[in-house]
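The structure file query18.pdb is reproduced below (PDB, C-alpha atoms).
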```
ATOM      1  CA  MET Y   1     -49.933  -1.106  -0.520
ATOM      2  CA  THR Y   2     -48.484   1.463   1.852
ATOM      3  CA  PRO Y   3     -44.942   2.856   1.416
ATOM      4  CA  ALA Y   4     -43.892   1.099   4.616
ATOM      5  CA  ALA Y   5     -45.245  -2.189   3.366
ATOM      6  CA  ARG Y   6     -43.512  -1.764   0.032
ATOM      7  CA  LEU Y   7     -40.235  -1.020   1.790
ATOM      8  CA  ALA Y   8     -40.689  -4.052   4.026
ATOM      9  CA  GLY Y   9     -41.257  -6.102   0.926
ATOM     10  CA  GLY Y  10     -38.061  -4.723  -0.550
ATOM     11  CA  THR Y  11     -36.184  -5.666   2.589
ATOM     12  CA  LEU Y  12     -37.526  -9.199   2.325
ATOM     13  CA  VAL Y  13     -36.415  -9.406  -1.295
ATOM     14  CA  LEU Y  14     -32.889  -8.474  -0.281
ATOM     15  CA  THR Y  15     -32.911 -10.929   2.588
ATOM     16  CA  VAL Y  16     -33.787 -13.907   0.426
ATOM     17  CA  TYR Y  17     -32.068 -12.766  -2.763
ATOM     18  CA  ALA Y  18     -28.834 -14.719  -2.357
ATOM     19  CA  TRP Y  19     -30.246 -18.095  -1.392
ATOM     20  CA  VAL Y  20     -33.048 -17.987  -3.947
ATOM     21  CA  LEU Y  21     -30.592 -17.529  -6.788
ATOM     22  CA  ASN Y  22     -27.827 -19.616  -5.258
ATOM     23  CA  PRO Y  23     -29.360 -22.233  -2.951
ATOM     24  CA  MET Y  24     -26.084 -24.055  -2.326
ATOM     25  CA  PRO Y  25     -23.730 -22.008  -0.113
ATOM     26  CA  ALA Y  26     -20.682 -23.787  -1.528
ATOM     27  CA  SER Y  27     -21.405 -22.355  -4.978
ATOM     28  CA  VAL Y  28     -21.495 -18.730  -3.861
ATOM     29  CA  SER Y  29     -18.392 -16.810  -4.906
ATOM     30  CA  SER Y  30     -16.569 -14.287  -2.770
ATOM     31  CA  ALA Y  31     -17.701 -11.579  -5.198
ATOM     32  CA  ASP Y  32     -21.316 -12.584  -4.560
ATOM     33  CA  HIS Y  33     -20.718 -12.363  -0.834
ATOM     34  CA  ARG Y  34     -19.230  -8.882  -1.213
ATOM     35  CA  ALA Y  35     -22.177  -7.796  -3.334
ATOM     36  CA  ASP Y  36     -24.641  -9.113  -0.756
ATOM     37  CA  ALA Y  37     -22.718  -7.387   2.009
ATOM     38  CA  ASP Y  38     -22.836  -4.114   0.083
ATOM     39  CA  VAL Y  39     -26.591  -4.408  -0.335
ATOM     40  CA  GLU Y  40     -27.110  -5.168   3.349
ATOM     41  CA  GLN Y  41     -24.969  -2.181   4.286
ATOM     42  CA  TRP Y  42     -26.805   0.163   1.912
ATOM     43  CA  LEU Y  43     -30.139  -1.010   3.238
ATOM     44  CA  ALA Y  44     -29.098  -0.561   6.877
ATOM     45  CA  LEU Y  45     -27.655   2.900   6.218
ATOM     46  CA  SER Y  46     -30.715   3.954   4.241
ATOM     47  CA  ASN Y  47     -33.161   2.659   6.837
ATOM     48  CA  ASP Y  48     -31.349   4.194   9.797
ATOM     49  CA  ALA Y  49     -30.781   7.599   8.220
ATOM     50  CA  TYR Y  50     -34.277   7.847   6.763
ATOM     51  CA  ALA Y  51     -35.940   6.872  10.027
ATOM     52  CA  ALA Y  52     -33.870   9.478  11.859
ATOM     53  CA  GLY Y  53     -34.725  12.207   9.368
ATOM     54  CA  ARG Y  54     -31.115  12.450   8.166
ATOM     55  CA  TYR Y  55     -32.104  12.652   4.532
ATOM     56  CA  ALA Y  56     -28.737  13.817   3.213
ATOM     57  CA  ASP Y  57     -27.133  10.744   4.775
ATOM     58  CA  ALA Y  58     -29.866   8.507   3.367
ATOM     59  CA  LEU Y  59     -29.346   9.734  -0.196
ATOM     60  CA  ALA Y  60     -26.204   7.822  -1.211
ATOM     61  CA  PRO Y  61     -27.164   4.364   0.083
ATOM     62  CA  THR Y  62     -30.695   4.699  -1.288
ATOM     63  CA  SER Y  63     -29.327   5.755  -4.670
ATOM     64  CA  SER Y  64     -27.113   2.680  -4.626
ATOM     65  CA  LEU Y  65     -30.124   0.470  -3.899
ATOM     66  CA  VAL Y  66     -32.038   2.003  -6.798
ATOM     67  CA  ALA Y  67     -29.073   1.475  -9.131
ATOM     68  CA  ARG Y  68     -28.737  -2.163  -8.051
ATOM     69  CA  TYR Y  69     -32.503  -2.864  -8.128
ATOM     70  CA  PRO Y  70     -33.995  -0.516 -10.760
ATOM     71  CA  LEU Y  71     -37.286  -2.447 -10.818
ATOM     72  CA  GLN Y  72     -37.823  -2.335  -7.057
ATOM     73  CA  GLN Y  73     -40.383   0.459  -6.689
ATOM     74  CA  ALA Y  74     -39.977   0.702  -2.914
ATOM     75  CA  TYR Y  75     -36.488   2.126  -3.325
ATOM     76  CA  ALA Y  76     -37.549   4.473  -6.116
ATOM     77  CA  GLU Y  77     -40.273   5.799  -3.833
ATOM     78  CA  ARG Y  78     -37.895   6.314  -0.939
ATOM     79  CA  LEU Y  79     -35.430   8.115  -3.197
ATOM     80  CA  ALA Y  80     -38.191  10.426  -4.420
ATOM     81  CA  ARG Y  81     -39.205  11.266  -0.872
ATOM     82  CA  ILE Y  82     -35.581  11.922   0.100
ATOM     83  CA  PHE Y  83     -35.175  14.358  -2.796
ATOM     84  CA  GLY Y  84     -38.402  16.022  -1.660
ATOM     85  CA  GLN Y  85     -37.073  16.468   1.861
ATOM     86  CA  LEU Y  86     -33.835  17.864   0.447
ATOM     87  CA  ASN Y  87     -35.786  20.378  -1.662
ATOM     88  CA  ARG Y  88     -34.486  19.004  -4.954
ATOM     89  CA  PRO Y  89     -37.772  18.973  -6.884
ATOM     90  CA  ALA Y  90     -36.338  18.206 -10.334
ATOM     91  CA  ASP Y  91     -34.570  15.133  -8.963
ATOM     92  CA  GLU Y  92     -37.681  14.230  -7.007
ATOM     93  CA  ALA Y  93     -39.775  14.341 -10.171
ATOM     94  CA  GLY Y  94     -37.249  12.108 -11.920
ATOM     95  CA  ALA Y  95     -37.399   9.587  -9.091
ATOM     96  CA  TRP Y  96     -41.189   9.591  -9.222
ATOM     97  CA  GLU Y  97     -41.006   8.964 -12.968
ATOM     98  CA  ARG Y  98     -38.863   5.906 -12.250
ATOM     99  CA  PHE Y  99     -41.452   4.794  -9.704
ATOM    100  CA  VAL Y 100     -44.270   5.200 -12.243
ATOM    101  CA  ASP Y 101     -42.322   3.140 -14.759
ATOM    102  CA  THR Y 102     -41.740   0.252 -12.342
ATOM    103  CA  SER Y 103     -44.745   0.169 -10.030
ATOM    104  CA  PRO Y 104     -47.889  -1.897 -10.600
ATOM    105  CA  THR Y 105     -49.713   0.940  -8.823
ATOM    106  CA  PRO Y 106     -48.317   4.111 -10.439
ATOM    107  CA  ILE Y 107     -51.074   6.235  -8.914
ATOM    108  CA  ASP Y 108     -49.144   5.985  -5.643
ATOM    109  CA  ALA Y 109     -46.824   8.639  -7.137
ATOM    110  CA  CYS Y 110     -49.756  11.043  -7.232
ATOM    111  CA  PRO Y 111     -50.122  13.885  -6.479
ATOM    112  CA  ALA Y 112     -46.455  14.119  -5.469
ATOM    113  CA  ILE Y 113     -45.105  13.884  -9.001
ATOM    114  CA  GLY Y 114     -47.173  16.852 -10.158
ATOM    115  CA  ASP Y 115     -46.205  18.824  -7.069
ATOM    116  CA  ALA Y 116     -42.517  18.139  -7.709
ATOM    117  CA  TYR Y 117     -42.684  19.404 -11.291
ATOM    118  CA  ALA Y 118     -44.560  22.514 -10.113
ATOM    119  CA  ARG Y 119     -41.920  23.283  -7.488
ATOM    120  CA  ALA Y 120     -39.224  22.699 -10.104
ATOM    121  CA  GLY Y 121     -40.753  25.490 -12.193
ATOM    122  CA  GLN Y 122     -42.067  23.178 -14.909
ATOM    123  CA  PRO Y 123     -45.818  23.926 -15.053
ATOM    124  CA  GLN Y 124     -46.417  22.089 -18.329
ATOM    125  CA  LYS Y 125     -44.841  18.896 -17.021
ATOM    126  CA  SER Y 126     -46.807  19.336 -13.814
ATOM    127  CA  LEU Y 127     -50.023  19.543 -15.831
ATOM    128  CA  GLU Y 128     -49.081  16.504 -17.894
ATOM    129  CA  ALA Y 129     -48.308  14.571 -14.716
ATOM    130  CA  ARG Y 130     -51.726  15.505 -13.279
ATOM    131  CA  GLU Y 131     -53.395  14.302 -16.469
ATOM    132  CA  ARG Y 132     -51.514  11.002 -16.295
ATOM    133  CA  CYS Y 133     -52.556  10.611 -12.666
ATOM    134  CA  VAL Y 134     -56.203  10.910 -13.688
ATOM    135  CA  SER Y 135     -55.643   8.393 -16.487
ATOM    136  CA  PHE Y 136     -54.487   5.846 -13.898
ATOM    137  CA  ASP Y 137     -57.933   6.008 -12.252
ATOM    138  CA  PRO Y 138     -60.430   8.297 -14.060
ATOM    139  CA  ARG Y 139     -62.904   8.201 -11.160
ATOM    140  CA  ASN Y 140     -60.418   9.070  -8.433
ATOM    141  CA  SER Y 141     -61.841  12.256  -6.906
ATOM    142  CA  GLU Y 142     -58.534  13.286  -5.360
ATOM    143  CA  GLN Y 143     -56.663  13.185  -8.662
ATOM    144  CA  LEU Y 144     -59.552  14.868 -10.466
ATOM    145  CA  PHE Y 145     -59.364  17.650  -7.896
ATOM    146  CA  PHE Y 146     -55.633  18.194  -8.371
ATOM    147  CA  LEU Y 147     -56.033  18.299 -12.145
ATOM    148  CA  GLY Y 148     -58.959  20.686 -11.797
ATOM    149  CA  ARG Y 149     -56.928  22.957  -9.540
ATOM    150  CA  THR Y 150     -54.061  22.967 -12.024
ATOM    151  CA  TYR Y 151     -56.464  23.947 -14.801
ATOM    152  CA  GLU Y 152     -57.926  26.615 -12.517
ATOM    153  CA  HIS Y 153     -54.500  28.147 -11.841
ATOM    154  CA  ALA Y 154     -53.774  28.091 -15.573
ATOM    155  CA  GLY Y 155     -56.964  30.045 -16.259
ATOM    156  CA  ARG Y 156     -58.622  27.119 -18.037
ATOM    157  CA  THR Y 157     -61.927  27.640 -16.266
ATOM    158  CA  ALA Y 158     -64.054  25.329 -18.401
ATOM    159  CA  ASP Y 159     -61.606  22.445 -17.983
ATOM    160  CA  ALA Y 160     -61.388  23.104 -14.248
ATOM    161  CA  MET Y 161     -65.161  23.092 -13.957
ATOM    162  CA  ALA Y 162     -65.377  19.788 -15.820
ATOM    163  CA  ARG Y 163     -62.837  18.057 -13.584
ATOM    164  CA  TYR Y 164     -64.286  19.478 -10.363
ATOM    165  CA  SER Y 165     -67.765  18.410 -11.460
ATOM    166  CA  GLU Y 166     -66.531  14.879 -12.183
ATOM    167  CA  ALA Y 167     -64.899  14.759  -8.763
ATOM    168  CA  ALA Y 168     -68.084  16.026  -7.101
ATOM    169  CA  ALA Y 169     -70.118  13.318  -8.822
ATOM    170  CA  THR Y 170     -67.846  10.717  -7.258
ATOM    171  CA  ASP Y 171     -67.338  12.381  -3.871
ATOM    172  CA  PRO Y 172     -69.820  15.228  -3.286
ATOM    173  CA  ALA Y 173     -68.661  15.780   0.297
ATOM    174  CA  ASN Y 174     -65.024  16.380  -0.678
ATOM    175  CA  ALA Y 175     -64.246  19.777   0.854
ATOM    176  CA  ASP Y 176     -61.485  20.590  -1.636
ATOM    177  CA  VAL Y 177     -63.814  19.935  -4.551
ATOM    178  CA  VAL Y 178     -66.626  21.998  -3.010
ATOM    179  CA  LEU Y 179     -64.221  24.894  -2.561
ATOM    180  CA  GLY Y 180     -62.869  24.504  -6.092
ATOM    181  CA  LEU Y 181     -66.377  24.877  -7.452
ATOM    182  CA  GLY Y 182     -66.892  27.798  -5.073
ATOM    183  CA  ARG Y 183     -63.808  29.597  -6.391
ATOM    184  CA  LEU Y 184     -65.026  29.155  -9.952
ATOM    185  CA  ALA Y 185     -68.403  30.562  -8.889
ATOM    186  CA  LEU Y 186     -66.599  33.568  -7.407
ATOM    187  CA  ARG Y 187     -64.669  34.029 -10.642
ATOM    188  CA  GLY Y 188     -67.993  33.985 -12.487
ATOM    189  CA  ASP Y 189     -69.402  36.582 -10.053
ATOM    190  CA  GLN Y 190     -71.867  34.039  -8.642
ATOM    191  CA  LEU Y 191     -71.392  35.323  -5.116
ATOM    192  CA  PRO Y 192     -74.268  33.476  -3.367
ATOM    193  CA  LYS Y 193     -73.026  30.179  -4.812
ATOM    194  CA  ALA Y 194     -69.457  30.916  -3.771
ATOM    195  CA  LYS Y 195     -70.564  31.878  -0.259
ATOM    196  CA  ASP Y 196     -72.633  28.713   0.030
ATOM    197  CA  ALA Y 197     -69.577  26.628  -0.842
ATOM    198  CA  ALA Y 198     -67.494  28.339   1.841
ATOM    199  CA  ASP Y 199     -70.284  28.000   4.409
ATOM    200  CA  GLN Y 200     -70.720  24.285   3.627
ATOM    201  CA  VAL Y 201     -67.080  23.556   4.345
ATOM    202  CA  LEU Y 202     -66.811  25.843   7.379
ATOM    203  CA  ALA Y 203     -69.810  24.136   8.950
ATOM    204  CA  ARG Y 204     -67.782  20.924   8.963
ATOM    205  CA  PHE Y 205     -64.254  22.322   9.236
ATOM    206  CA  PRO Y 206     -64.265  25.741  10.965
ATOM    207  CA  ALA Y 207     -60.478  26.031  10.702
ATOM    208  CA  ASN Y 208     -60.210  25.295   6.980
ATOM    209  CA  ALA Y 209     -57.957  28.079   5.666
ATOM    210  CA  ASP Y 210     -59.121  27.680   2.057
ATOM    211  CA  ALA Y 211     -62.758  28.041   3.094
ATOM    212  CA  LEU Y 212     -61.951  31.075   5.242
ATOM    213  CA  LEU Y 213     -60.131  32.654   2.323
ATOM    214  CA  LEU Y 214     -63.086  32.048   0.013
ATOM    215  CA  ALA Y 215     -65.523  33.448   2.595
ATOM    216  CA  GLY Y 216     -63.352  36.539   2.957
ATOM    217  CA  LEU Y 217     -63.089  37.025  -0.798
ATOM    218  CA  VAL Y 218     -66.871  36.873  -1.090
ATOM    219  CA  ALA Y 219     -67.235  39.423   1.713
ATOM    220  CA  GLU Y 220     -64.643  41.663   0.048
ATOM    221  CA  ARG Y 221     -66.507  41.459  -3.249
ATOM    222  CA  GLN Y 222     -69.750  42.311  -1.434
ATOM    223  CA  SER Y 223     -68.159  45.449   0.072
ATOM    224  CA  ARG Y 224     -68.056  44.011   3.599
ATOM    225  CA  PRO Y 225     -64.419  44.796   4.471
ATOM    226  CA  GLN Y 226     -64.734  44.131   8.206
ATOM    227  CA  ASP Y 227     -66.132  40.658   7.584
ATOM    228  CA  ALA Y 228     -63.433  40.055   4.992
ATOM    229  CA  ARG Y 229     -60.691  41.094   7.421
ATOM    230  CA  TYR Y 230     -62.143  38.804  10.091
ATOM    231  CA  ASP Y 231     -62.128  35.799   7.746
ATOM    232  CA  PHE Y 232     -58.642  36.539   6.415
ATOM    233  CA  GLU Y 233     -57.210  36.950   9.916
ATOM    234  CA  ARG Y 234     -58.737  33.639  10.946
ATOM    235  CA  ALA Y 235     -57.202  32.026   7.859
ATOM    236  CA  LEU Y 236     -53.761  33.400   8.744
ATOM    237  CA  ALA Y 237     -54.112  32.098  12.287
ATOM    238  CA  VAL Y 238     -54.523  28.633  10.773
ATOM    239  CA  ALA Y 239     -51.963  29.012   7.954
ATOM    240  CA  PRO Y 240     -49.501  31.853   8.705
ATOM    241  CA  ASP Y 241     -47.616  31.372   5.420
ATOM    242  CA  TYR Y 242     -50.614  31.323   3.087
ATOM    243  CA  VAL Y 243     -49.545  33.742   0.350
ATOM    244  CA  ASP Y 244     -53.013  34.421  -1.078
ATOM    245  CA  VAL Y 245     -54.350  35.311   2.353
ATOM    246  CA  HIS Y 246     -51.539  37.794   2.958
ATOM    247  CA  ILE Y 247     -52.316  39.426  -0.388
ATOM    248  CA  ALA Y 248     -56.048  39.505   0.319
ATOM    249  CA  LEU Y 249     -55.557  40.971   3.776
ATOM    250  CA  GLY Y 250     -53.099  43.484   2.346
ATOM    251  CA  ARG Y 251     -55.777  44.660  -0.080
ATOM    252  CA  VAL Y 252     -58.308  45.105   2.716
ATOM    253  CA  GLU Y 253     -55.821  47.047   4.837
ATOM    254  CA  ALA Y 254     -54.880  49.215   1.869
ATOM    255  CA  GLY Y 255     -58.533  49.981   1.229
ATOM    256  CA  ALA Y 256     -58.889  51.059   4.873
ATOM    257  CA  GLY Y 257     -55.898  53.388   4.560
ATOM    258  CA  ARG Y 258     -53.713  51.265   6.848
ATOM    259  CA  ARG Y 259     -50.706  51.386   4.574
ATOM    260  CA  GLY Y 260     -48.205  50.068   7.100
ATOM    261  CA  GLU Y 261     -50.232  46.946   7.785
ATOM    262  CA  ALA Y 262     -50.925  46.473   4.090
ATOM    263  CA  ARG Y 263     -47.254  46.788   3.246
ATOM    264  CA  ARG Y 264     -46.338  44.224   5.893
ATOM    265  CA  HIS Y 265     -48.644  41.645   4.313
ATOM    266  CA  PHE Y 266     -47.499  42.369   0.766
ATOM    267  CA  GLU Y 267     -43.844  42.136   1.766
ATOM    268  CA  ARG Y 268     -44.463  38.860   3.530
ATOM    269  CA  ALA Y 269     -46.271  37.500   0.470
ATOM    270  CA  LEU Y 270     -43.329  38.491  -1.719
ATOM    271  CA  GLU Y 271     -40.909  36.844   0.691
ATOM    272  CA  LEU Y 272     -42.928  33.628   0.578
ATOM    273  CA  ASP Y 273     -43.414  33.630  -3.203
ATOM    274  CA  PRO Y 274     -40.909  35.759  -5.152
ATOM    275  CA  SER Y 275     -42.462  34.597  -8.436
ATOM    276  CA  ARG Y 276     -45.341  37.011  -7.776
ATOM    277  CA  ARG Y 277     -43.087  40.046  -7.659
ATOM    278  CA  ALA Y 278     -44.676  41.796 -10.661
ATOM    279  CA  ALA Y 279     -48.181  41.936  -9.175
ATOM    280  CA  LEU Y 280     -47.004  42.604  -5.628
ATOM    281  CA  SER Y 281     -44.720  45.444  -6.719
ATOM    282  CA  LEU Y 282     -47.760  47.353  -7.930
ATOM    283  CA  TRP Y 283     -49.417  47.002  -4.526
ATOM    284  CA  LEU Y 284     -46.233  47.922  -2.687
ATOM    285  CA  GLU Y 285     -46.015  51.103  -4.723
ATOM    286  CA  ARG Y 286     -49.571  52.003  -3.713
ATOM    287  CA  VAL Y 287     -48.879  51.594  -0.007
ATOM    288  CA  ALA Y 288     -45.441  53.195   0.053
ATOM    289  CA  GLY Y 289     -44.979  55.361   3.131
ATOM    290  CA  THR Y 290     -45.294  54.930   6.866
ATOM    291  CA  HIS Y 291     -49.009  55.378   7.529
TER
END
```
Please express what this file holds, its structure, as structure tokens.
Amino acid sequence: MTPAARLAGGTLVLTVYAWVLNPMPASVSSADHRADADVEQWLALSNDAYAAGRYADALAPTSSLVARYPLQQAYAERLARIFGQLNRPADEAGAWERFVDTSPTPIDACPAIGDAYARAGQPQKSLEARERCVSFDPRNSEQLFFLGRTYEHAGRTADAMARYSEAAATDPANADVVLGLGRLALRGDQLPKAKDAADQVLARFPANADALLLAGLVAERQSRPQDARYDFERALAVAPDYVDVHIALGRVEAGAGRRGEARRHFERALELDPSRRAALSLWLERVAGTH
């Protein structure tokens, strides 16, 4: 069921709530009327603010709905998405956990719950969330991919390969999975296999930034710096804030002696992802100067 459908269902629940529980108007107390009026007001405020993109305004009434109806997953989902828009990843992860606990389809929290933990700086909880997402549907290629990518970033190459391979068996045309296997091939110095993966995806999606990055990394490894620069520049044209591409292009520019251009890319990468300061500081030291 889509989020919109779930929310519509929640609205219907609130609409019929009073008369289902209290079918005789004469028996409804004034306190019940006030409670129903509060719920209607919260729902209207939440709907209006959320639809208008006023997420800060939507937070309080949506929180009230979740407190009143803790088992209504539609409100838990909306609250999670509001926290995401407000860049409060720890709270977002908590809201997704509530959704998982109450929803008959907990996989609908995926991959957002893992993303939220990652942005909150909790990599272990992110990994555990990815593993739970796969447990909800072990043949879901999308969730297998996200778990594989998390293993890949953690340096658990064998586990990443296993998950990517499982995803490929289910959905061999999945571009993300093809590229995941290509990156592992690159890590294993299997350059023809890595290049083939990039070429496969680019043949279908010429503007895929991940494929362009992989193609450029293969060219860089094969001592083809001009081809690498071309691929990296194309990737940046598609995704101007792609940190790994800025770093890769910075390396190519540094190797060509273009220290100013290299420094610009490394500084931009650091601005986008301060957590990579240690590695980027080494490169910035190498390209210090004006040339």
Resolved residues for the PyMOL selection byres ((chain Y and resi 202) around 12) as a PyMOL selection string: chain Y and resi 175-176+178-179+195-201+203-215+231+234-235
Test item: the PyMOL selection byres ((chain Y and resi 115-132) around 7) resolved as a ChimeraX atom specification: /Y:89-90,92-93,111-114,133-136,146-147,150
Ground truth for the PyMOL selection byres ((chain Y and resi 287) around 7), written as a PyMOL selection string: chain Y and resi 254+259+262-263+283-286+288-289
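For Y:Leu280, the non-local neighbours within 10 Å, defined as residues at least 2 positions apart in the same chain or in other chains and counting all atoms listed in the file, are Ile247, Arg263, Phe266, Glu267, Ala269, Leu270, Asp273, Pro274, Ser275, Arg276, Arg277, Ala278, Leu282, Trp283, Leu284, Glu285 and Arg286 of chain Y.
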Saved selection, atoms kept: C-alpha atoms, as a PDB file, in the frame of the given file:
```pdb
ATOM      1  CA  ILE Y 247     -52.316  39.426  -0.388  1.00  0.00           C
ATOM      2  CA  ARG Y 263     -47.254  46.788   3.246  1.00  0.00           C
ATOM      3  CA  PHE Y 266     -47.499  42.369   0.766  1.00  0.00           C
ATOM      4  CA  GLU Y 267     -43.844  42.136   1.766  1.00  0.00           C
ATOM      5  CA  ALA Y 269     -46.271  37.500   0.470  1.00  0.00           C
ATOM      6  CA  LEU Y 270     -43.329  38.491  -1.719  1.00  0.00           C
ATOM      7  CA  ASP Y 273     -43.414  33.630  -3.203  1.00  0.00           C
ATOM      8  CA  PRO Y 274     -40.909  35.759  -5.152  1.00  0.00           C
ATOM      9  CA  SER Y 275     -42.462  34.597  -8.436  1.00  0.00           C
ATOM     10  CA  ARG Y 276     -45.341  37.011  -7.776  1.00  0.00           C
ATOM     11  CA  ARG Y 277     -43.087  40.046  -7.659  1.00  0.00           C
ATOM     12  CA  ALA Y 278     -44.676  41.796 -10.661  1.00  0.00           C
ATOM     13  CA  LEU Y 282     -47.760  47.353  -7.930  1.00  0.00           C
ATOM     14  CA  TRP Y 283     -49.417  47.002  -4.526  1.00  0.00           C
ATOM     15  CA  LEU Y 284     -46.233  47.922  -2.687  1.00  0.00           C
ATOM     16  CA  GLU Y 285     -46.015  51.103  -4.723  1.00  0.00           C
ATOM     17  CA  ARG Y 286     -49.571  52.003  -3.713  1.00  0.00           C
TER      18      ARG Y 286
END
```
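Reported to one decimal place, the separation of atom CA of Y:Arg139 from atom CA of Y:Leu71 is 27.7 Å.
A straight line drawn from atom CA of Y:Ala219 to atom CA of Y:Gly257 is 18.2 Å long.
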Length of the atom CA of Y:Ala74 to atom CA of Y:Phe99 vector [Å]: 8.1 Å
Place N, CA, C and O atoms on stretch 264-280 of chain Y and deliver the coordinates as a compact mmCIF listing (two decimals), in the coordinates of the input.
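result.txt written:
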```txt
# COMPACT_ATOMS: atom_id res chain seq x y z
N ARG Y 264 -46.88 45.38 5.18
CA ARG Y 264 -46.34 44.22 5.89
C ARG Y 264 -46.83 42.92 5.26
O ARG Y 264 -46.05 41.97 5.07
N HIS Y 265 -48.10 42.87 4.91
CA HIS Y 265 -48.64 41.64 4.31
C HIS Y 265 -48.11 41.44 2.90
O HIS Y 265 -47.78 40.30 2.51
N PHE Y 266 -48.01 42.52 2.12
CA PHE Y 266 -47.50 42.37 0.77
C PHE Y 266 -46.02 41.95 0.78
O PHE Y 266 -45.61 41.11 -0.03
N GLU Y 267 -45.25 42.51 1.68
CA GLU Y 267 -43.84 42.14 1.77
C GLU Y 267 -43.69 40.68 2.19
O GLU Y 267 -42.80 39.97 1.69
N ARG Y 268 -44.53 40.25 3.10
CA ARG Y 268 -44.46 38.86 3.53
C ARG Y 268 -44.85 37.93 2.38
O ARG Y 268 -44.22 36.88 2.17
N ALA Y 269 -45.87 38.31 1.62
CA ALA Y 269 -46.27 37.50 0.47
C ALA Y 269 -45.14 37.40 -0.54
O ALA Y 269 -44.87 36.31 -1.09
N LEU Y 270 -44.44 38.50 -0.78
CA LEU Y 270 -43.33 38.49 -1.72
C LEU Y 270 -42.19 37.62 -1.21
O LEU Y 270 -41.54 36.90 -1.99
N GLU Y 271 -41.95 37.68 0.10
CA GLU Y 271 -40.91 36.84 0.69
C GLU Y 271 -41.23 35.37 0.52
O GLU Y 271 -40.35 34.55 0.22
N LEU Y 272 -42.51 35.03 0.69
CA LEU Y 272 -42.93 33.63 0.58
C LEU Y 272 -42.97 33.15 -0.86
O LEU Y 272 -42.71 31.97 -1.13
N ASP Y 273 -43.29 34.03 -1.80
CA ASP Y 273 -43.41 33.63 -3.20
C ASP Y 273 -42.85 34.72 -4.11
O ASP Y 273 -43.60 35.56 -4.64
N PRO Y 274 -41.53 34.73 -4.31
CA PRO Y 274 -40.91 35.76 -5.15
C PRO Y 274 -41.41 35.75 -6.59
O PRO Y 274 -41.26 36.76 -7.30
N SER Y 275 -41.99 34.66 -7.06
CA SER Y 275 -42.46 34.60 -8.44
C SER Y 275 -43.62 35.56 -8.68
O SER Y 275 -43.95 35.85 -9.84
N ARG Y 276 -44.21 36.09 -7.62
CA ARG Y 276 -45.34 37.01 -7.78
C ARG Y 276 -44.92 38.47 -7.62
O ARG Y 276 -45.71 39.35 -7.32
N ARG Y 277 -43.65 38.71 -7.85
CA ARG Y 277 -43.09 40.05 -7.66
C ARG Y 277 -43.79 41.09 -8.52
O ARG Y 277 -44.05 42.21 -8.05
N ALA Y 278 -44.10 40.79 -9.77
CA ALA Y 278 -44.68 41.80 -10.66
C ALA Y 278 -45.98 42.36 -10.10
O ALA Y 278 -46.15 43.58 -10.00
N ALA Y 279 -46.90 41.47 -9.71
CA ALA Y 279 -48.18 41.94 -9.18
C ALA Y 279 -48.01 42.61 -7.83
O ALA Y 279 -48.64 43.66 -7.55
N LEU Y 280 -47.17 42.04 -6.97
CA LEU Y 280 -47.00 42.60 -5.63
C LEU Y 280 -46.28 43.94 -5.66
O LEU Y 280 -46.54 44.81 -4.81
```
